[in-house]
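J.: The structure that follows is given in the form of structure tokens.
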Amino acid sequence: MAGAESPLDSSHVLLTGTTSWISELAARLDSQTDASVHTVATAAEGLDAVHRSTVDCVVTEYALAETTGVDFVQDVRAATTTVPVILGTADGDETVASDAIAADVTDYVVVEEPLDRTLDTVLTRIEDALESARQTRIRRERARQFDAVFHDAQTATWVLDPDGTVARANQAARELTDEDTSVGERFWHLPWWSDTAAQNDIRRLVDQARDGTFGNAIVFEPPDATARRVIDFSVRPVENERGELASIVVKGVDITDRVTLERDLRQSEELHRVTLNNMTDTVLITNEDGEYTYVCPNVHFIFGYTAEEIHEQATIDELLGDDLFDRDELRAKGSLTNIECTATDKAGREHTLLVNVREVDIQEGKLLFSCRDITKRKQREEALATLQELARAFLYAETHDEIAQHIVEEAASVLDVDASAVYLFDADTNELRPAAHSQAMRALNGPLPRVHADGDTLPGHGFISGETLFFDDVHQEDRLANRATDLRSACYIPLGDHGVFVAGSDDVGAFDDVTRELADLLAATAEAALDRVTRESQLRAQDRQLQQQNEQLTALNRINETIRAIDQAVVQAETRDEIDHTVCELLTSDDRFSFAWIGTVDPTTDTVEPHAWAGDEQGYLDSQRFAVGESGTEPAGETAATGDATMVPNVAANLRRDSWRSDALTRDFMSVLSIPLRYSDLTHGVLTVYADARNAFDETARAVLTELGETIAAALSAIERKNALLTTSMTRVEFEIDDPTFVLSRLARAAECTLSYQGGVQQTTTGSYVFVTVDDAATETVEAAASELVGIDDVRQISVDGDGGVLRLGLTQPFLALELADHGTVFREATADPATTTLTIDVPTSIDVRTITQLVTDTFADVELQSKQTLDQAAEHGVFADFLADLTERQLEVVQTAYYSGFFESPRESTGEDVAAMLDISPPAFYQHVRTVQRKLFTALFEEQSASIAASADGFNN
């Protein structure tokens with residue numbers, strides 16, 4: 001029976017004959033199959049049907065009218081060789097069967113009873129015949145197709161035997177390999193495959209085909225070929241009906257041009273893809289209704305959307321807004337450029353775009369939009385405009401704090417970050433102080449403390465290192481001092497030597513390249529403004545300083561003029577009163593100062609008593625009691641107490657505290673300077689000067705007037721010395737001291753001896769030398785002890801006399817005799833033993849003994865006055881003074897050394913050569929000095945004696 005998928009269902013079957021089995025076969029075909037059945041009675045009708053219509057199978061009986069079935073088969077075969085023909089007969093024998101086969105019948109069926117079984121057989125034979133015919137047609141069609149493919153001029157084709165030997169090769173194959181014949185050779189041994197790699201690939205493909213597997217490979221022509229080609233080989237096995245390998249078909253296609261084209265296309269596509277993915281502009285194409293036909297892959301750069309999300313939007317108006325351009329204008333011009341608009345991205349951020357629109361015709365796309373994001377450029381332009389305005393504002397700023405406030409106020413509009421602050425460097429404390437900050441900075445960070453200028457904190461590190469610091473997240477930085485801050489992004493930019501600019505946000509990564517550039521530019525602008533203010537401040541300070549210096553110089557010139565006038569007057573003055581009055585008058589002349597006076601301390605009342613004055617006194621001296629005291633007293637009393645200059649720049653200050661101030665202020669005494677008249681530790685009084693302006697006395701005036709005080713005191717001392725030389729009457733005072741600092745006391749105790757000084761002292765450029773007499777000890781012992789004392793840097797033995805002798809001591813400090821001589825007094829004698837030291841001093845009557853007593857008391861720690869007596873040495877004083885005045889210092893040194901060395905003793909204790917050696921001079925020089933001194937001494941004696949005799953004679957004659 002025919003199956004559900006029987007070939008009968010789609011076939012045209014021709015039945016020829018009139019027997020009953022033909023009729024029943026037709027009925028069964030109609031009832032059991034979908035075949036198209038056509039029945040004819042005669043062979044002529046059957047042959048006509050074969051010629052006129054499509055017949056897939058012919059079934060005929062053997063006994064036909066006018067002919068036999070075998071003849072009919074022959075006629076059908078003459079018409080077609082492909083249509084299957086089945087011959088059925090009830091009277092069949094071997095002869096009939098043989099004739100049928102000879103006539104190329106497809107099948108032969110013996111019709112027997114029961115007829116149903118025979119019909120089943122016939123149906124089965126029809127199905128087999130149809131299937132066989134179909135297979136035959138297929139094979140023939142494939143053969144024809146193969147021949148067509150085999151002879152394809154574009155494809156090289158080889159047919160190989162199962163062992164790989166070339167059986168056939170088409171013309172394209174021969175042309176490809178430049179071989180006239182390759183039949184009979186193994187395919188992979190062809191000369192064309194001279195490259196070993198190519199041979200291996202070809203053999204591998206053939207081996208795969210032997211195993212029944214299809215394969216292909218790309219083979220390159222050997223490198224030595226003139227034109228390098230790429231061949232795509234495919235190898236396919238061909239099996240027979242039994243599934244056995246019958247042959248191998250190899251096809252080779254020259255794909256050099258295609259590979260080159262594909263390579264160029266890939267490179268072009270890659271270039272296109274890379275360009276579109278990396279370009280900053282976004283390209284969109286829409287149709288006339290604004291619906292997207294193309295979206296550039298880099299659309300997310302500007303809008304944050306993916307290409308798919310853009311496609312999901314209805315039209316481009318949702319992205320760029322309505323009425324972006326005039327359609328008529330575009331139609332007229334073909335393109336519109338630089339259309340500025342605002343678009344919102346996926347995250348809700350606004351972008352400023354420049355859009356170019358062009359008419360196109362690309363895959364249903366009519367409008368091409370090229371979008372360029374100029375948000376940063378716009379931000380930069382606006383920020384630069386703000387910076388320009390800020391720079392103008394900086395021109396009018398006069399202080400660093402004012403500039404800092406401007407920076408904070410404009411930072412948000414320039415940088416698009418709200419939190420900002422400016423630290424200014426305080427050089428006095430070496431700290432960075434927060435000079436200005438925004439409210440957002442305080443809200444995010446809290447109060448800003450002062451920061452030490454070191455590397456421990458971010459502001460300090462930025463200032464010290466001079467580096468600009470940007471942080472996407474400042475919490476990751478170890479130097480962050482305030483871990484509780486809500487700041488995330490932050491920058492620290494040094495403002496030169498002036499401080500640090502700080503800006504930040506609570507967002508991570510808020511500083512992009514543009515913001516960083518603007519922050520640097522803002523800081524540079526601020527630094528330039530701070531430099532300008534600093535320079536102008538320095539110039540103003542220099543101007544003030546120059547003005548002050550000019551004023552000081554003018555005042556100093558006036559003071560110097562006064563000082564020169566005073567110096568000249570002092571040199572010419574003969575008495576103290578003359579000096580005191582002259583000084584006061586010159587200080588107040590020409591309105592230099594309002595009032596000046598000189599006073600001395602009265603020990604009985606402990607007050608400063610005015611001695612001389614000049615200027616607009618207005619009864620001030622009578623209104624005050626100038627008590628000696630250190631605090632709260634009138635400046636003259638304070639100077640007398642301290643011995644230092646006292647300067648009051650503003651008398652009106654502390655007016656209620658000191659009573660003298662109100663009295664001075666009522667007389668327009670606005671500032672006061674009081675200086676001591678001190679020379680060589682001896683005070684001669686106090687000079688006090690008053691001015692009618694505040695701050696009339698600066699440090700320079702103070703120093704100059706203090707030196708003037710010393711000059712006045714020196715002049716007063718010189719007058720005292722002069723008076724002392726002219727005075728024959730003097731007071732001899734004797735003091736007992738107990739002070740280990742006195743050099744003779746220390747030496748007497750150290751050497752356990754008695755030392756006496758009787759006026760032998762020399763002062764040279766290298767120091768002071770004194771002659772001392774040693775008693776009760778060997779001079780060597782005293783010499784050794786002296787060499788151990790720091791107050792003595794040189795000791796020399798002058799003469800030796802038993803248990804004593806004379807030594808010359810070189811002292812490191814001034815000797816008391818020299819200080820007393822400066823004040824006209826004579827250090828007559830000093831005797832020191834291990835227990836006590838006694839000093840004898842002659843004080844001329846012109847000098848107050850109390851002054852010398854005070855000098856001795858100030859010099860030594862424990863002083864006791866032992867005796868005081870008045871002496872008259874008129875004759876002796878005159879001759880001695882004349883003699884000493886006539887000697888040079890060198891002559892006095894030579895004769896003193898000779899005297900104390902025993903040169904004038906008889907017999908001599910030291911020879912002239914010995915004394916010359918002590919003095920480091922030659923013996924002739926020594927003798928010349930001695931003879932000169934002797935002549936001067938005798939001249940003084942004899943001339944004084946002659947004068948006395950003449951005076952006596954005159955008296956006698958009168």
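Ligands are numbered from 1 in the order shown, residues from 1 within each chain, and chains are lettered A, B, ... in the order they appear in the structure tokens.
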For segment 504-517 of chain A, please output as a list in words all residues within 8 Å (counting only C-alpha atoms; exclusion window: fewer than 6 positions along the same chain).

T.: Lys376, Arg380, Leu415, Asp416, Val417, Asp418, Ala419, Ser420, Met441, Leu444, Phe470, Phe471, Asp472, Asp473, Asp486, Leu487, Arg488, Ser489, Ala490 and Cys491 of chain A

J.: Filtering to C-alpha atoms, could you give me those residues as an mmCIF file, in the first residue's frame?

T.:
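Below is the file that was written, result-v6.cif:
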data_model
loop_
_atom_site.group_PDB
_atom_site.id
_atom_site.type_symbol
_atom_site.label_atom_id
_atom_site.label_comp_id
_atom_site.auth_asym_id
_atom_site.auth_seq_id
_atom_site.Cartn_x
_atom_site.Cartn_y
_atom_site.Cartn_z
ATOM 1 C CA LYS A 376 33.297 73.322 29.148
ATOM 2 C CA ARG A 380 35.649 78.535 30.545
ATOM 3 C CA LEU A 415 35.018 76.843 39.429
ATOM 4 C CA ASP A 416 31.435 75.640 39.911
ATOM 5 C CA VAL A 417 32.341 74.454 43.437
ATOM 6 C CA ASP A 418 30.758 76.136 46.456
ATOM 7 C CA ALA A 419 33.312 75.462 49.205
ATOM 8 C CA SER A 420 36.373 77.719 49.176
ATOM 9 C CA MET A 441 33.171 75.550 53.330
ATOM 10 C CA LEU A 444 31.133 71.015 55.003
ATOM 11 C CA PHE A 470 44.246 68.128 43.560
ATOM 12 C CA PHE A 471 42.399 65.228 45.194
ATOM 13 C CA ASP A 472 39.440 63.329 43.761
ATOM 14 C CA ASP A 473 38.803 62.109 47.322
ATOM 15 C CA ASP A 486 32.390 66.268 54.448
ATOM 16 C CA LEU A 487 34.704 67.521 51.735
ATOM 17 C CA ARG A 488 35.541 64.893 49.142
ATOM 18 C CA SER A 489 37.104 66.603 46.147
ATOM 19 C CA ALA A 490 39.588 69.292 47.174
ATOM 20 C CA CYS A 491 42.410 71.394 45.805
#

J.: What is the distance, in Å and to one decimal place, between atom CA of Val772 of chain A and atom CA of Leu755 of chain A?

T.: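 Taking atom CA of Val772 of chain A as the start and atom CA of Leu755 of chain A as the end point, the length is 6.2 Å.
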
J.: Please give the complete set of residues from segment 631-831 of chain A that DSSP, run on the backbone, assigns to helix (DSSP H, G or I), formatted as a ChimeraX atom specification.

T.: /A:635-642,659-666,699-726,743-751,779-786,816-822

J.: Fewer than 5 positions away in the same chain doesn't count, so skip those; otherwise give me all residues within 12 Å of Gly619 of chain A, counting only C-alpha atoms, as a PyMOL selection string.

T.: chain A and resi 595+613-614+624+663-664+666-667

J.: DSSP on the backbone, strand (DSSP E or B) only: what residues of segment 399-615 of chain A does that give? Format it as a ChimeraX atom specification.

T.: /A:419-426,431-437,451-452,469-471,489-494,499-505,595-602,607-615

J.: Of the residues A:Asp163, A:Asp775, A:Asp281, A:Glu630, which is the one nearest to Cys371 of chain A, using only C-alpha atoms?

T.: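 Selected residue with least distance to Cys371 of chain A: A:Asp281.
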
J.: Name all residues at most 9 Å from Gln313 of chain A (count only C-alpha atoms; drop same-chain ones fewer than 5 positions away) and give them as a list in words.

T.: Glu291, Tyr292, Glu318 and Leu319 of chain A

J.: Output N, CA and C atoms for every residue in that selection, as a short mmCIF file (atom, residue, chain, number, x, y, z; two decimals), in the first residue's frame.

T.:
data_model
loop_
_atom_site.label_atom_id
_atom_site.label_comp_id
_atom_site.auth_asym_id
_atom_site.auth_seq_id
_atom_site.Cartn_x
_atom_site.Cartn_y
_atom_site.Cartn_z
N GLU A 291 12.44 60.97 13.27
CA GLU A 291 12.66 59.64 13.82
C GLU A 291 14.08 59.19 13.44
N TYR A 292 14.76 58.54 14.41
CA TYR A 292 16.16 58.19 14.21
C TYR A 292 16.31 57.07 13.19
N GLU A 318 12.88 65.50 21.40
CA GLU A 318 13.00 65.22 22.83
C GLU A 318 14.42 65.45 23.32
N LEU A 319 15.40 65.30 22.43
CA LEU A 319 16.79 65.43 22.82
C LEU A 319 17.30 66.86 22.68
#

J.: Would you pick out the contacts of Ala636 of chain A at 12 Å or less, using only C-alpha atoms, so that residues sharing its chain but fewer than 2 positions from it are not included, and give the list as a PyMOL selection string?

T.: chain A and resi 596-601+607-610+621+624-634+638-648+660+672-677+685-690

J.: Next, dump the selected residues to file, keeping only N, CA and C atoms, as a compact mmCIF listing (two decimals), in the first residue's frame.

T.:
# COMPACT_ATOMS: atom_id res chain seq x y z
N ALA A 596 65.22 123.38 79.00
CA ALA A 596 66.30 122.47 79.38
C ALA A 596 66.89 122.96 80.70
N TRP A 597 67.27 122.02 81.54
CA TRP A 597 67.92 122.37 82.80
C TRP A 597 68.87 121.28 83.23
N ILE A 598 69.87 121.68 84.05
CA ILE A 598 70.87 120.75 84.59
C ILE A 598 70.81 120.84 86.10
N GLY A 599 70.78 119.67 86.74
CA GLY A 599 70.74 119.63 88.19
C GLY A 599 71.70 118.58 88.73
N THR A 600 72.01 118.70 90.00
CA THR A 600 72.87 117.72 90.67
C THR A 600 72.14 117.17 91.87
N VAL A 601 72.56 116.00 92.29
CA VAL A 601 71.89 115.32 93.40
C VAL A 601 72.40 115.87 94.72
N THR A 607 67.37 114.64 96.47
CA THR A 607 66.63 115.26 95.37
C THR A 607 67.62 115.83 94.38
N VAL A 608 67.09 116.11 93.18
CA VAL A 608 67.91 116.74 92.15
C VAL A 608 67.65 118.24 92.23
N GLU A 609 68.71 118.97 92.52
CA GLU A 609 68.58 120.41 92.68
C GLU A 609 68.99 121.10 91.39
N PRO A 610 68.13 121.96 90.83
CA PRO A 610 68.46 122.67 89.58
C PRO A 610 69.69 123.54 89.78
N LEU A 621 60.20 124.47 87.52
CA LEU A 621 61.18 124.00 88.50
C LEU A 621 60.70 124.26 89.92
N GLN A 624 57.92 121.56 91.20
CA GLN A 624 58.25 120.16 91.40
C GLN A 624 59.32 120.00 92.48
N ARG A 625 59.24 118.82 93.14
CA ARG A 625 60.32 118.35 94.01
C ARG A 625 60.89 117.12 93.30
N PHE A 626 62.06 117.27 92.76
CA PHE A 626 62.62 116.23 91.90
C PHE A 626 63.29 115.15 92.73
N ALA A 627 62.46 114.33 93.37
CA ALA A 627 62.96 113.27 94.23
C ALA A 627 63.65 112.20 93.39
N VAL A 628 64.73 111.64 93.94
CA VAL A 628 65.45 110.56 93.27
C VAL A 628 64.65 109.27 93.45
N GLY A 629 64.23 108.69 92.38
CA GLY A 629 63.44 107.45 92.44
C GLY A 629 63.35 106.81 91.06
N GLU A 630 63.02 105.53 91.03
CA GLU A 630 63.07 104.80 89.76
C GLU A 630 61.72 104.72 89.05
N SER A 631 60.61 104.85 89.74
CA SER A 631 59.32 104.64 89.08
C SER A 631 58.33 105.71 89.53
N GLY A 632 57.67 106.32 88.54
CA GLY A 632 56.64 107.30 88.85
C GLY A 632 57.16 108.67 89.16
N THR A 633 58.46 108.84 89.19
CA THR A 633 59.03 110.15 89.51
C THR A 633 59.26 110.93 88.23
N GLU A 634 59.55 112.20 88.40
CA GLU A 634 59.88 113.04 87.27
C GLU A 634 61.13 112.46 86.58
N GLU A 638 64.26 110.00 88.02
CA GLU A 638 64.46 108.59 87.60
C GLU A 638 65.85 108.39 87.02
N THR A 639 66.34 109.33 86.24
CA THR A 639 67.67 109.22 85.65
C THR A 639 68.74 109.28 86.74
N ALA A 640 68.54 110.18 87.73
CA ALA A 640 69.48 110.26 88.84
C ALA A 640 69.53 108.94 89.61
N ALA A 641 68.40 108.24 89.69
CA ALA A 641 68.35 106.99 90.44
C ALA A 641 68.95 105.84 89.67
N THR A 642 68.66 105.76 88.37
CA THR A 642 69.09 104.61 87.58
C THR A 642 70.42 104.81 86.90
N GLY A 643 70.81 106.06 86.67
CA GLY A 643 72.04 106.31 85.92
C GLY A 643 71.87 106.12 84.43
N ASP A 644 70.65 105.88 83.98
CA ASP A 644 70.36 105.68 82.55
C ASP A 644 69.45 106.79 82.05
N ALA A 645 69.46 106.97 80.73
CA ALA A 645 68.59 107.97 80.12
C ALA A 645 67.14 107.57 80.29
N THR A 646 66.27 108.55 80.53
CA THR A 646 64.83 108.33 80.67
C THR A 646 64.12 109.12 79.59
N MET A 647 63.31 108.39 78.77
CA MET A 647 62.61 109.05 77.67
C MET A 647 61.11 108.85 77.85
N VAL A 648 60.37 109.96 77.77
CA VAL A 648 58.91 109.94 77.86
C VAL A 648 58.38 110.48 76.54
N TRP A 660 53.54 114.72 88.14
CA TRP A 660 54.36 115.68 87.39
C TRP A 660 53.86 115.88 85.97
N VAL A 672 59.67 114.32 76.99
CA VAL A 672 60.79 114.65 77.86
C VAL A 672 61.92 113.65 77.64
N LEU A 673 63.15 114.11 77.72
CA LEU A 673 64.32 113.23 77.70
C LEU A 673 65.27 113.72 78.78
N SER A 674 65.63 112.80 79.67
CA SER A 674 66.56 113.13 80.75
C SER A 674 67.77 112.20 80.61
N ILE A 675 68.99 112.79 80.62
CA ILE A 675 70.20 111.99 80.41
C ILE A 675 71.17 112.26 81.55
N PRO A 676 71.96 111.24 81.94
CA PRO A 676 72.94 111.46 83.00
C PRO A 676 74.19 112.12 82.44
N LEU A 677 74.82 112.97 83.25
CA LEU A 677 76.11 113.57 82.89
C LEU A 677 77.16 112.71 83.57
N GLY A 685 75.78 115.06 87.35
CA GLY A 685 74.45 115.64 87.41
C GLY A 685 73.55 115.04 86.34
N VAL A 686 72.42 115.75 86.08
CA VAL A 686 71.41 115.27 85.13
C VAL A 686 71.01 116.44 84.23
N LEU A 687 70.93 116.15 82.92
CA LEU A 687 70.44 117.13 81.95
C LEU A 687 69.06 116.66 81.50
N THR A 688 68.04 117.53 81.60
CA THR A 688 66.67 117.18 81.22
C THR A 688 66.17 118.20 80.21
N VAL A 689 65.60 117.67 79.09
CA VAL A 689 65.16 118.50 77.97
C VAL A 689 63.69 118.22 77.72
N TYR A 690 62.90 119.29 77.45
CA TYR A 690 61.46 119.17 77.22
C TYR A 690 61.14 119.72 75.83

J.: Can you list, as a PDB file with N, CA and C atoms, in the first residue's frame, every protein, DNA or RNA residue that comes within 12 Å of Asp858 of chain A when you count only C-alpha atoms, leaving out same-chain residues fewer than 4 positions away?

T.:
ATOM      1  N   SER A 680      83.424 108.312  83.074  1.00  0.00           N
ATOM      2  CA  SER A 680      84.304 107.396  83.788  1.00  0.00           C
ATOM      3  C   SER A 680      83.722 107.033  85.150  1.00  0.00           C
ATOM      4  N   ASP A 681      82.435 106.600  85.122  1.00  0.00           N
ATOM      5  CA  ASP A 681      81.724 106.110  86.300  1.00  0.00           C
ATOM      6  C   ASP A 681      81.505 107.187  87.354  1.00  0.00           C
ATOM      7  N   LEU A 682      81.692 108.437  87.007  1.00  0.00           N
ATOM      8  CA  LEU A 682      81.446 109.523  87.953  1.00  0.00           C
ATOM      9  C   LEU A 682      80.380 110.431  87.382  1.00  0.00           C
ATOM     10  N   THR A 683      79.283 110.616  88.135  1.00  0.00           N
ATOM     11  CA  THR A 683      78.144 111.391  87.665  1.00  0.00           C
ATOM     12  C   THR A 683      78.288 112.847  88.118  1.00  0.00           C
ATOM     13  N   ILE A 737      89.538  98.807 102.636  1.00  0.00           N
ATOM     14  CA  ILE A 737      88.576  98.033 101.844  1.00  0.00           C
ATOM     15  C   ILE A 737      88.774  96.549 102.105  1.00  0.00           C
ATOM     16  N   ASP A 739      87.772  93.809  99.668  1.00  0.00           N
ATOM     17  CA  ASP A 739      87.162  93.393  98.396  1.00  0.00           C
ATOM     18  C   ASP A 739      88.147  92.488  97.666  1.00  0.00           C
ATOM     19  N   LEU A 816      92.745 101.733  89.391  1.00  0.00           N
ATOM     20  CA  LEU A 816      92.008 102.805  90.048  1.00  0.00           C
ATOM     21  C   LEU A 816      92.698 104.142  89.922  1.00  0.00           C
ATOM     22  N   ARG A 850      83.011 113.983  98.695  1.00  0.00           N
ATOM     23  CA  ARG A 850      81.911 113.012  98.635  1.00  0.00           C
ATOM     24  C   ARG A 850      81.829 112.339  97.267  1.00  0.00           C
ATOM     25  N   THR A 851      82.184 113.097  96.216  1.00  0.00           N
ATOM     26  CA  THR A 851      82.160 112.513  94.868  1.00  0.00           C
ATOM     27  C   THR A 851      83.185 111.400  94.748  1.00  0.00           C
ATOM     28  N   ILE A 852      84.404 111.644  95.284  1.00  0.00           N
ATOM     29  CA  ILE A 852      85.450 110.625  95.204  1.00  0.00           C
ATOM     30  C   ILE A 852      85.097 109.451  96.112  1.00  0.00           C
ATOM     31  N   THR A 853      84.542 109.770  97.279  1.00  0.00           N
ATOM     32  CA  THR A 853      84.119 108.689  98.177  1.00  0.00           C
ATOM     33  C   THR A 853      83.073 107.799  97.495  1.00  0.00           C
ATOM     34  N   GLN A 854      82.143 108.457  96.771  1.00  0.00           N
ATOM     35  CA  GLN A 854      81.121 107.674  96.052  1.00  0.00           C
ATOM     36  C   GLN A 854      81.760 106.812  94.971  1.00  0.00           C
ATOM     37  N   ASP A 862      83.286  96.535  99.982  1.00  0.00           N
ATOM     38  CA  ASP A 862      83.259  96.862 101.410  1.00  0.00           C
ATOM     39  C   ASP A 862      84.290  97.958 101.655  1.00  0.00           C
ATOM     40  N   VAL A 863      83.817  99.207 101.838  1.00  0.00           N
ATOM     41  CA  VAL A 863      84.699 100.368 101.968  1.00  0.00           C
ATOM     42  C   VAL A 863      84.407 101.060 103.304  1.00  0.00           C
TER      43      VAL A 863
END

J.: Identify, on the basis of only C-alpha atoms, every residue whose closest approach to segment 529-532 of chain A does not exceed 8 Å; exclude the query and any residue fewer than 6 positions from it along the same chain; express the result as a list of chain:residue names.

T.: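 Once the adjacent positions are removed, what remains is A:Ala391, A:Phe394, A:Leu395, A:His400, A:Ile403, A:His498.
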
J.: In Å to one decimal, how far is atom CA of Glu244 of chain A from atom CA of Ala198 of chain A?

T.: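 If I compute the distance from atom CA of Ala198 of chain A to atom CA of Glu244 of chain A, I get 28.0 Å.
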
J.: May I ask for the distance between atom CA of Glu312 of chain A and atom CA of Thr342 of chain A, given in Å to one decimal place?

T.: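 Those two atoms sit 20.8 Å apart.
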